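Q: I have a structure I would like to understand better, so I am pasting it below and will then ask my questions one at a time.
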Amino acid sequence: MTGSEGMQKMLPEAYPKRKHPLHPLCARTAFSCNKLFLFIYALLFLFVGIILIAIGVLVELHRDRIEPVNNRLAVPTALLIVVGLVITFNSLCGMVGAILEKPILLKVFLVTTVICFLVQIAIGIIAFIYREQLPYMVSSQFMFAVRGYTKDGDVQVALDWLQNRYQCCGFSSYEDYQRENEDYSCSSSKPQACGVPKSCCIQRDGVTLPEDCGYGVTGNATMFDLINTEGCTDALIQWLMEHLDLVGAIALGFAIPQIFGILLSYYFLRKVKEYRVWFRVDNFRT
């Protein structure tokens, strides 16, 4: 128990209904300067919380396109959005607590800031761990998507977007469809036998491709002029790495300044408690 807290419990309420006067933000005192800095800090982190939410939502919208293929962005992105919401609410508590000098709001602000700091560190660590594991995870998951291309509509949409976006086909190459998907196998009786999906076809400006543009092209002399033959593994890994780097760097980058906020809010909270105690002492004496 600190000295100020012990004294506060020993003092009777001389004037229970009388509130201590609030310090102005712009007064030339150490207390007012601390109050002003804490208010500015909370205001800045209000914008930080909004930015984290916006970035998390933006990454989530892009992640939805390839979620059936790989969902490794789900955990760090969800954490980023949650932390953004918490920081926004916490910043409002800090601003109101600083202006009104409310110990309860300042305690909420301090504790929540510490928790957010720890969670943001965890987000950064998770994002970079996933980044290092991507080559192994993608190699095991992407082939499943090729096998389920004609059976799962969500997987088909995700693969079509990926193959159109990066002008690639299959996992390691276009031949994955013949090896892994029975509908595209050369032994299949379906129209797409010995072929690839439409999204593997080379896009040309002003040309509308037919749905069967990639059917039966395997082994044809003009195959390389009709379809993309390179696999999508490198493109998918690059896309995921870029977004994981973004999430991890932002989470860690915004966590570091919170150390200053933790120290600032702790010091101001102690000063508010001391000020209230001495205000009651002065009232008791008079």
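Residue names in the structure tokens use chain letters A, B, ... in the order shown, residue numbers from 1 in each chain, and ligand numbers from 1 in the order shown.
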Just want the 9 Å neighbourhood of A:Gly248, counted on only C-alpha atoms, with same-chain residues fewer than 5 positions away dropped. Output as a list in words.

A: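 Answer for this query is Pro76, Gln120, Ile121, Ile123, Gly124, Ile125, Ile126, Ala127, Phe128, His243 and Gly253 of chain A.
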
Q: May I have the residues from that selection written out with all heavy atoms, as a CSV table (one decimal), in the first residue's frame?

A:
```csv
chain,number,residue,atom,x,y,z
A,76,PRO,N,-3.6,-13.8,-37.3
A,76,PRO,CA,-3.0,-12.5,-37.1
A,76,PRO,C,-3.9,-11.4,-37.5
A,76,PRO,O,-4.0,-10.3,-36.9
A,76,PRO,CB,-1.7,-12.5,-37.9
A,76,PRO,CG,-1.9,-13.6,-38.9
A,76,PRO,CD,-2.7,-14.6,-38.2
A,120,GLN,N,-0.1,-7.2,-29.2
A,120,GLN,CA,0.5,-6.8,-30.4
A,120,GLN,C,1.9,-7.4,-30.6
A,120,GLN,O,2.2,-7.8,-31.8
A,120,GLN,CB,0.7,-5.2,-30.4
A,120,GLN,CG,-0.6,-4.5,-30.7
A,120,GLN,CD,-0.5,-3.0,-30.6
A,120,GLN,OE1,-0.9,-2.4,-29.6
A,120,GLN,NE2,0.1,-2.4,-31.6
A,121,ILE,N,2.6,-7.6,-29.5
A,121,ILE,CA,3.9,-8.4,-29.7
A,121,ILE,C,3.6,-9.8,-30.1
A,121,ILE,O,4.3,-10.3,-31.0
A,121,ILE,CB,4.6,-8.4,-28.3
A,121,ILE,CG1,5.1,-7.0,-27.9
A,121,ILE,CG2,5.8,-9.3,-28.4
A,121,ILE,CD1,6.0,-6.3,-28.8
A,123,ILE,N,1.0,-10.8,-31.9
A,123,ILE,CA,0.6,-10.7,-33.3
A,123,ILE,C,1.8,-10.7,-34.2
A,123,ILE,O,1.9,-11.5,-35.2
A,123,ILE,CB,-0.3,-9.5,-33.6
A,123,ILE,CG1,-1.6,-9.6,-32.9
A,123,ILE,CG2,-0.5,-9.3,-35.1
A,123,ILE,CD1,-2.5,-8.4,-33.0
A,124,GLY,N,2.8,-9.9,-33.9
A,124,GLY,CA,4.0,-9.8,-34.7
A,124,GLY,C,4.8,-11.1,-34.7
A,124,GLY,O,5.2,-11.6,-35.8
A,125,ILE,N,4.9,-11.8,-33.6
A,125,ILE,CA,5.6,-13.1,-33.5
A,125,ILE,C,4.8,-14.1,-34.3
A,125,ILE,O,5.5,-14.9,-35.1
A,125,ILE,CB,5.7,-13.5,-32.0
A,125,ILE,CG1,6.7,-12.5,-31.3
A,125,ILE,CG2,6.3,-14.9,-32.0
A,125,ILE,CD1,6.7,-12.8,-29.8
A,126,ILE,N,3.5,-14.2,-34.2
A,126,ILE,CA,2.7,-15.2,-35.0
A,126,ILE,C,2.9,-14.9,-36.4
A,126,ILE,O,3.0,-15.9,-37.2
A,126,ILE,CB,1.2,-15.1,-34.5
A,126,ILE,CG1,1.1,-15.6,-33.1
A,126,ILE,CG2,0.4,-15.9,-35.5
A,126,ILE,CD1,-0.3,-15.4,-32.6
A,127,ALA,N,2.8,-13.7,-36.9
A,127,ALA,CA,2.9,-13.4,-38.3
A,127,ALA,C,4.2,-13.8,-38.9
A,127,ALA,O,4.3,-14.4,-39.9
A,127,ALA,CB,2.7,-11.9,-38.5
A,128,PHE,N,5.3,-13.5,-38.1
A,128,PHE,CA,6.6,-13.9,-38.7
A,128,PHE,C,6.9,-15.4,-38.6
A,128,PHE,O,7.6,-16.0,-39.4
A,128,PHE,CB,7.7,-13.1,-37.9
A,128,PHE,CG,7.7,-11.6,-38.3
A,128,PHE,CD1,7.4,-10.6,-37.4
A,128,PHE,CD2,8.0,-11.3,-39.6
A,128,PHE,CE1,7.4,-9.3,-37.8
A,128,PHE,CE2,8.0,-9.9,-40.0
A,128,PHE,CZ,7.7,-8.9,-39.1
A,243,HIS,N,1.7,-9.9,-47.2
A,243,HIS,CA,0.6,-9.5,-46.3
A,243,HIS,C,0.9,-9.9,-44.8
A,243,HIS,O,0.6,-9.1,-43.9
A,243,HIS,CB,-0.7,-10.2,-46.7
A,243,HIS,CG,-1.3,-9.5,-47.9
A,243,HIS,ND1,-0.8,-9.7,-49.2
A,243,HIS,CD2,-2.4,-8.7,-48.0
A,243,HIS,CE1,-1.5,-9.1,-50.0
A,243,HIS,NE2,-2.5,-8.4,-49.4
A,253,GLY,N,5.4,-2.3,-34.8
A,253,GLY,CA,5.7,-0.9,-34.9
A,253,GLY,C,4.8,-0.1,-34.0
A,253,GLY,O,5.3,0.9,-33.4
```

Q: Need to verify the contact set: stretch 110-118 of chain A, 8 Å, only C-alpha atoms, exclusion of same-chain residues closer than 5 positions in sequence. Can you return it as JSON, numbers by chain?

A: {"A": [83, 86, 87, 90, 255, 256, 258, 259, 261, 262, 265, 266]}

Q: Write out as a PDB file with all heavy atoms, in the first residue's frame the residues lying within 10 Å of stretch 217-225 of chain A, counting only C-alpha atoms and excluding same-chain residues fewer than 6 positions away.

A:
```
ATOM      1  N   TYR A 174       1.237 -26.702 -64.899  1.00  0.00           N
ATOM      2  CA  TYR A 174      -0.072 -27.033 -65.453  1.00  0.00           C
ATOM      3  C   TYR A 174      -0.357 -28.530 -65.393  1.00  0.00           C
ATOM      4  O   TYR A 174      -1.518 -28.965 -65.379  1.00  0.00           O
ATOM      5  CB  TYR A 174      -0.155 -26.549 -66.902  1.00  0.00           C
ATOM      6  CG  TYR A 174       0.716 -27.341 -67.858  1.00  0.00           C
ATOM      7  CD1 TYR A 174       0.191 -28.384 -68.608  1.00  0.00           C
ATOM      8  CD2 TYR A 174       2.082 -27.069 -67.982  1.00  0.00           C
ATOM      9  CE1 TYR A 174       0.988 -29.126 -69.472  1.00  0.00           C
ATOM     10  CE2 TYR A 174       2.883 -27.800 -68.831  1.00  0.00           C
ATOM     11  CZ  TYR A 174       2.336 -28.829 -69.576  1.00  0.00           C
ATOM     12  OH  TYR A 174       3.130 -29.562 -70.420  1.00  0.00           O
ATOM     13  N   GLU A 175       0.693 -29.362 -65.333  1.00  0.00           N
ATOM     14  CA  GLU A 175       0.519 -30.809 -65.350  1.00  0.00           C
ATOM     15  C   GLU A 175      -0.134 -31.354 -64.077  1.00  0.00           C
ATOM     16  O   GLU A 175      -0.578 -32.509 -64.053  1.00  0.00           O
ATOM     17  CB  GLU A 175       1.873 -31.488 -65.557  1.00  0.00           C
ATOM     18  CG  GLU A 175       2.491 -31.202 -66.920  1.00  0.00           C
ATOM     19  CD  GLU A 175       3.856 -31.850 -67.065  1.00  0.00           C
ATOM     20  OE1 GLU A 175       4.477 -32.149 -66.014  1.00  0.00           O
ATOM     21  OE2 GLU A 175       4.300 -32.045 -68.201  1.00  0.00           O
ATOM     22  N   GLN A 178      -3.614 -32.771 -64.661  1.00  0.00           N
ATOM     23  CA  GLN A 178      -3.704 -34.119 -65.240  1.00  0.00           C
ATOM     24  C   GLN A 178      -3.343 -35.192 -64.204  1.00  0.00           C
ATOM     25  O   GLN A 178      -3.920 -36.281 -64.200  1.00  0.00           O
ATOM     26  CB  GLN A 178      -2.763 -34.262 -66.447  1.00  0.00           C
ATOM     27  CG  GLN A 178      -3.273 -33.607 -67.727  1.00  0.00           C
ATOM     28  CD  GLN A 178      -3.009 -32.104 -67.734  1.00  0.00           C
ATOM     29  OE1 GLN A 178      -1.861 -31.689 -67.676  1.00  0.00           O
ATOM     30  NE2 GLN A 178      -4.059 -31.313 -67.813  1.00  0.00           N
ATOM     31  N   CYS A 186      -6.007 -37.343 -68.622  1.00  0.00           N
ATOM     32  CA  CYS A 186      -6.138 -37.741 -70.026  1.00  0.00           C
ATOM     33  C   CYS A 186      -6.969 -39.011 -70.185  1.00  0.00           C
ATOM     34  O   CYS A 186      -7.418 -39.335 -71.293  1.00  0.00           O
ATOM     35  CB  CYS A 186      -4.755 -37.938 -70.653  1.00  0.00           C
ATOM     36  SG  CYS A 186      -3.847 -36.386 -70.861  1.00  0.00           S
ATOM     37  N   GLN A 192     -13.105 -31.816 -70.431  1.00  0.00           N
ATOM     38  CA  GLN A 192     -11.877 -31.165 -69.991  1.00  0.00           C
ATOM     39  C   GLN A 192     -10.679 -32.101 -69.909  1.00  0.00           C
ATOM     40  O   GLN A 192      -9.617 -31.726 -69.408  1.00  0.00           O
ATOM     41  CB  GLN A 192     -12.082 -30.466 -68.650  1.00  0.00           C
ATOM     42  CG  GLN A 192     -12.576 -31.355 -67.525  1.00  0.00           C
ATOM     43  CD  GLN A 192     -14.066 -31.273 -67.325  1.00  0.00           C
ATOM     44  OE1 GLN A 192     -14.808 -31.407 -68.290  1.00  0.00           O
ATOM     45  NE2 GLN A 192     -14.500 -31.047 -66.083  1.00  0.00           N
ATOM     46  N   ALA A 193     -10.815 -33.333 -70.372  1.00  0.00           N
ATOM     47  CA  ALA A 193      -9.706 -34.299 -70.334  1.00  0.00           C
ATOM     48  C   ALA A 193      -8.477 -33.745 -71.040  1.00  0.00           C
ATOM     49  O   ALA A 193      -8.570 -33.082 -72.073  1.00  0.00           O
ATOM     50  CB  ALA A 193     -10.146 -35.607 -70.990  1.00  0.00           C
ATOM     51  N   CYS A 194      -7.309 -34.031 -70.449  1.00  0.00           N
ATOM     52  CA  CYS A 194      -6.028 -33.547 -70.976  1.00  0.00           C
ATOM     53  C   CYS A 194      -6.014 -32.027 -71.108  1.00  0.00           C
ATOM     54  O   CYS A 194      -5.426 -31.478 -72.047  1.00  0.00           O
ATOM     55  CB  CYS A 194      -5.730 -34.184 -72.343  1.00  0.00           C
ATOM     56  SG  CYS A 194      -4.888 -35.759 -72.203  1.00  0.00           S
ATOM     57  N   GLY A 195      -6.659 -31.355 -70.173  1.00  0.00           N
ATOM     58  CA  GLY A 195      -6.720 -29.891 -70.255  1.00  0.00           C
ATOM     59  C   GLY A 195      -6.519 -29.223 -68.916  1.00  0.00           C
ATOM     60  O   GLY A 195      -6.103 -29.851 -67.933  1.00  0.00           O
ATOM     61  N   VAL A 196      -6.832 -27.943 -68.893  1.00  0.00           N
ATOM     62  CA  VAL A 196      -6.702 -27.120 -67.691  1.00  0.00           C
ATOM     63  C   VAL A 196      -7.910 -26.178 -67.621  1.00  0.00           C
ATOM     64  O   VAL A 196      -8.606 -25.988 -68.625  1.00  0.00           O
ATOM     65  CB  VAL A 196      -5.392 -26.288 -67.710  1.00  0.00           C
ATOM     66  CG1 VAL A 196      -4.184 -27.195 -67.607  1.00  0.00           C
ATOM     67  CG2 VAL A 196      -5.317 -25.410 -68.954  1.00  0.00           C
ATOM     68  N   CYS A 201      -5.801 -20.117 -69.060  1.00  0.00           N
ATOM     69  CA  CYS A 201      -5.589 -19.636 -70.427  1.00  0.00           C
ATOM     70  C   CYS A 201      -4.960 -18.241 -70.421  1.00  0.00           C
ATOM     71  O   CYS A 201      -5.236 -17.427 -69.531  1.00  0.00           O
ATOM     72  CB  CYS A 201      -6.912 -19.597 -71.187  1.00  0.00           C
ATOM     73  SG  CYS A 201      -7.657 -21.221 -71.427  1.00  0.00           S
ATOM     74  N   ILE A 202      -4.146 -17.960 -71.388  1.00  0.00           N
ATOM     75  CA  ILE A 202      -3.470 -16.665 -71.500  1.00  0.00           C
ATOM     76  C   ILE A 202      -4.487 -15.597 -71.871  1.00  0.00           C
ATOM     77  O   ILE A 202      -5.212 -15.732 -72.866  1.00  0.00           O
ATOM     78  CB  ILE A 202      -2.346 -16.734 -72.554  1.00  0.00           C
ATOM     79  CG1 ILE A 202      -1.261 -17.734 -72.100  1.00  0.00           C
ATOM     80  CG2 ILE A 202      -1.739 -15.348 -72.783  1.00  0.00           C
ATOM     81  CD1 ILE A 202      -0.168 -17.953 -73.127  1.00  0.00           C
TER      82      ILE A 202
END
```

Q: Using backbone DSSP assignments, extract all alpha helix (DSSP H) residues from stretch 21-227 of chain A; output them as a ChimeraX atom specification.

A: /A:30-66,74-100,103-147,153-166,176-180,223-226

Q: When you draw a straight line from atom CA of A:Gly170 to atom CA of A:Gln238, how long is it in Å?

A: 15.8 Å

Q: Atom CA of A:Thr77 and atom CA of A:Leu240 are how many Å apart?

A: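 Separation between atom CA of A:Thr77 and atom CA of A:Leu240: 12.0 Å.
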
Q: Can you pull out every residue within 9 Å of A:Leu52, counting only C-alpha atoms, but drop anything in the same chain fewer than 5 positions away, and send it as a list in words?

A: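 Answer for this query is Phe47, Val57, Leu80, Ile81, Val82, Val83, Gly84, Leu85, Ile87, Ile250 and Ala251 of chain A.
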
Q: Would you write out those residues with C-alpha atoms, as an mmCIF file, in the first residue's frame?

A:
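Below you can see part-v2.cif, which holds the result:
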```
data_model
loop_
_atom_site.group_PDB
_atom_site.id
_atom_site.type_symbol
_atom_site.label_atom_id
_atom_site.label_comp_id
_atom_site.auth_asym_id
_atom_site.auth_seq_id
_atom_site.Cartn_x
_atom_site.Cartn_y
_atom_site.Cartn_z
ATOM 1 C CA PHE A 47 -6.164 7.257 -34.733
ATOM 2 C CA VAL A 57 -10.338 -5.193 -42.628
ATOM 3 C CA LEU A 80 -5.181 -7.050 -35.469
ATOM 4 C CA ILE A 81 -8.834 -6.027 -35.868
ATOM 5 C CA VAL A 82 -9.655 -6.916 -32.248
ATOM 6 C CA VAL A 83 -6.639 -4.986 -30.946
ATOM 7 C CA GLY A 84 -7.646 -2.015 -33.115
ATOM 8 C CA LEU A 85 -11.130 -1.991 -31.586
ATOM 9 C CA ILE A 87 -7.192 0.493 -28.649
ATOM 10 C CA ILE A 250 2.478 -2.765 -38.178
ATOM 11 C CA ALA A 251 1.634 -4.691 -35.001
#
```

Q: Which residue is closest to A:Gly94? Choose from A:Met241, A:Cys213, A:Ile129, A:Val108 and count only C-alpha atoms.

A: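 Of A:Met241, A:Cys213, A:Ile129, A:Val108, the one nearest A:Gly94, counting only C-alpha atoms, is A:Val108.
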
Q: Set out as JSON lines a contact list for stretch 90-140 of chain A and stretch 29-35 of chain A with a cut-off of 10 Å, giving each residue of stretch 90-140 of chain A that qualifies its closest atom pair and distance in Å to one decimal, counting only C-alpha atoms, ordered by chain and rising residue number.

A:
```
{"residue": "A:Met95", "atom": "CA", "partner": "A:Lys35", "partner_atom": "CA", "distance": 9.5}
{"residue": "A:Gly97", "atom": "CA", "partner": "A:Lys35", "partner_atom": "CA", "distance": 9.6}
{"residue": "A:Ala98", "atom": "CA", "partner": "A:Lys35", "partner_atom": "CA", "distance": 5.9}
{"residue": "A:Ile99", "atom": "CA", "partner": "A:Lys35", "partner_atom": "CA", "distance": 7.5}
{"residue": "A:Leu100", "atom": "CA", "partner": "A:Lys35", "partner_atom": "CA", "distance": 10.0}
{"residue": "A:Glu101", "atom": "CA", "partner": "A:Lys35", "partner_atom": "CA", "distance": 8.5}
```

Q: Considering only C-alpha atoms, state which residue in the set A:Tyr177, A:Tyr215, A:Trp161, A:Phe109 is at the smallest distance from A:Phe39.

A: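 Among the listed residues, the smallest separation from A:Phe39 belongs to A:Phe109.
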
Q: Rounded to one decimal place, report the atom CA of A:Leu38-atom CA of A:Leu264 distance in Å.

A: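 Atom CA of A:Leu264 lies at a distance of 6.5 Å from atom CA of A:Leu38.
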